[in-house]
Every structure is written in structure tokens, then in C-alpha cells.
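S.K.: Below you will find the structure I want to go over with you.
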Amino acid sequence: MPNFVIEHSGSLTNQIDADTIMDKVFAGAKNSGHFPPEAIKIRVEPRPEFRLHDTSKDFLHVSAHILSGRTDEQKSEISNSVLNELKALVLTSVFVSVEIVDIHRASFVDHTF
């Protein structure tokens, strides 16, 4: 557990491939020190249709879904660690953001088959 969901404008793949983005998000999640590497799950959801205030920009948004209970400081450490990895990418005209989403601990279930 955590689940990192990467949404991005479909046209962003003209600048960078999804594997590179996932590698950076994984590195940021791992380097935050809050998760064992084997627990980190990442998926990419390209958005072919989107609208921003500036039509010449792409976007890349990471939602980190984590079990509730961490402090604001810990959440900030996670989001900043991911953002710092993404800042190292060579991108042009891209709006980049990271958010932490609390998962209700009592209702979360998962299973490996």
C-alpha cells in the first residue's frame, strides 16, 4: 500500500515516456522514507482530453493514496520527495502537482491472488 496514480495530458508523451515518469515517482516515494519499496504501487492514466488556462501547457498530476493516520508534516515529506524527483525531468511547459489522499483505514481491504 500506497497507490500512486499519475494522471497526465496525453500529449506529454511527446516529451517523456510513462516508464520514466513512473521511475521518478517510485524513487520519490521510496526516498521519502515512509514506505517499503515492495509496498509501492504505481499506475498511469493518460488524459487525451483536458483543458488548462494555458492551452500550450501539458500537465502531470500525482495522487498518492495512503492509509490515514500520518501527520501533515509526514504528508508534506512524501509529496515534496515525489515532486523533487519530478523536477529533475527535462520538461517544457508542464504544470506539475502532487497531492496526498487519505484512505479510510477501517474500510480499506486488499488481497493478492
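Residue numbering restarts at 1 in every chain; chains get A, B, ... in the order shown in the C-alpha cells, and ligands count up from 1 in that same order.
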Chain A: which residues are strand (DSSP E or B) by DSSP, as JSON, numbers by chain?

M.R.: {"A": [3, 4, 5, 6, 7, 8, 9, 41, 42, 43, 44, 45, 46, 47, 58, 59, 60, 61, 62, 63, 64, 65, 66, 67, 94, 95, 96, 97, 98, 99, 100, 101, 102, 103]}

S.K.: Please provide as number ranges by chain all residues within 12 Å of Val25 (chain A), with the sequence filter that same-chain residues fewer than 5 positions apart are discarded (counting only C-alpha atoms).

M.R.: A: 2-7, 18-20, 30-32, 37, 40-44, 60-64, 78-89, 97-98

S.K.: Mind checking DSSP for region 21-101 of chain A and telling me the alpha helix (DSSP H) residues as number ranges by chain?

M.R.: A: 21-31, 72-87

S.K.: Pick from A:Ser107, A:Val96, A:Arg51, A:Phe26: nearest to Ala39 (chain A), with only C-alpha atoms counted?

M.R.: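 The shortest atom-to-atom distance to Ala39 (chain A) comes from A:Phe26.
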
S.K.: When distances are computed from only C-alpha atoms, which of A:Ser9, A:His53, A:Ile100, A:Asn14 shows the smallest separation from Asp72 (chain A)?

M.R.: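 Closest residue, counting only C-alpha atoms: A:Ile100.
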
S.K.: Would you kindly return, as number ranges by chain, each protein, DNA or RNA residue with an atom no farther than 9 Å from any atom of Val101 (chain A), considering only C-alpha atoms and excluding same-chain residues fewer than 2 positions away?

M.R.: A: 63-68, 99, 103

S.K.: Nearest residue to Phe35 (chain A) out of A:Pro48, A:Lys75, A:Thr112, A:His8, using only C-alpha atoms?

M.R.: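 Result for the nearest residue to Phe35 (chain A): A:Lys75.
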
S.K.: Measuring atom to atom with only C-alpha atoms, identify which of A:Glu38, A:Leu91, A:Thr55, A:Thr71 is nearest to Leu12 (chain A).

M.R.: A:Leu91

S.K.: So, counting only C-alpha atoms, which residue among A:Val90, A:Met1, A:Ile16, A:Leu52 is closest to Ala29 (chain A)?

M.R.: A:Met1

S.K.: Rank nothing, just name the residue among A:Gly69, A:Ser93, A:Phe50, A:Lys57 nearest to Ala106 (chain A), using only C-alpha atoms.

M.R.: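 Smallest distance to Ala106 (chain A) is found for A:Gly69.
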
S.K.: Suppose you want the space between CA of Asp58 (chain A) and CA of Val94 (chain A); what is it in Å?

M.R.: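 Between CA of Asp58 (chain A) and CA of Val94 (chain A) the gap is 4.6 Å.
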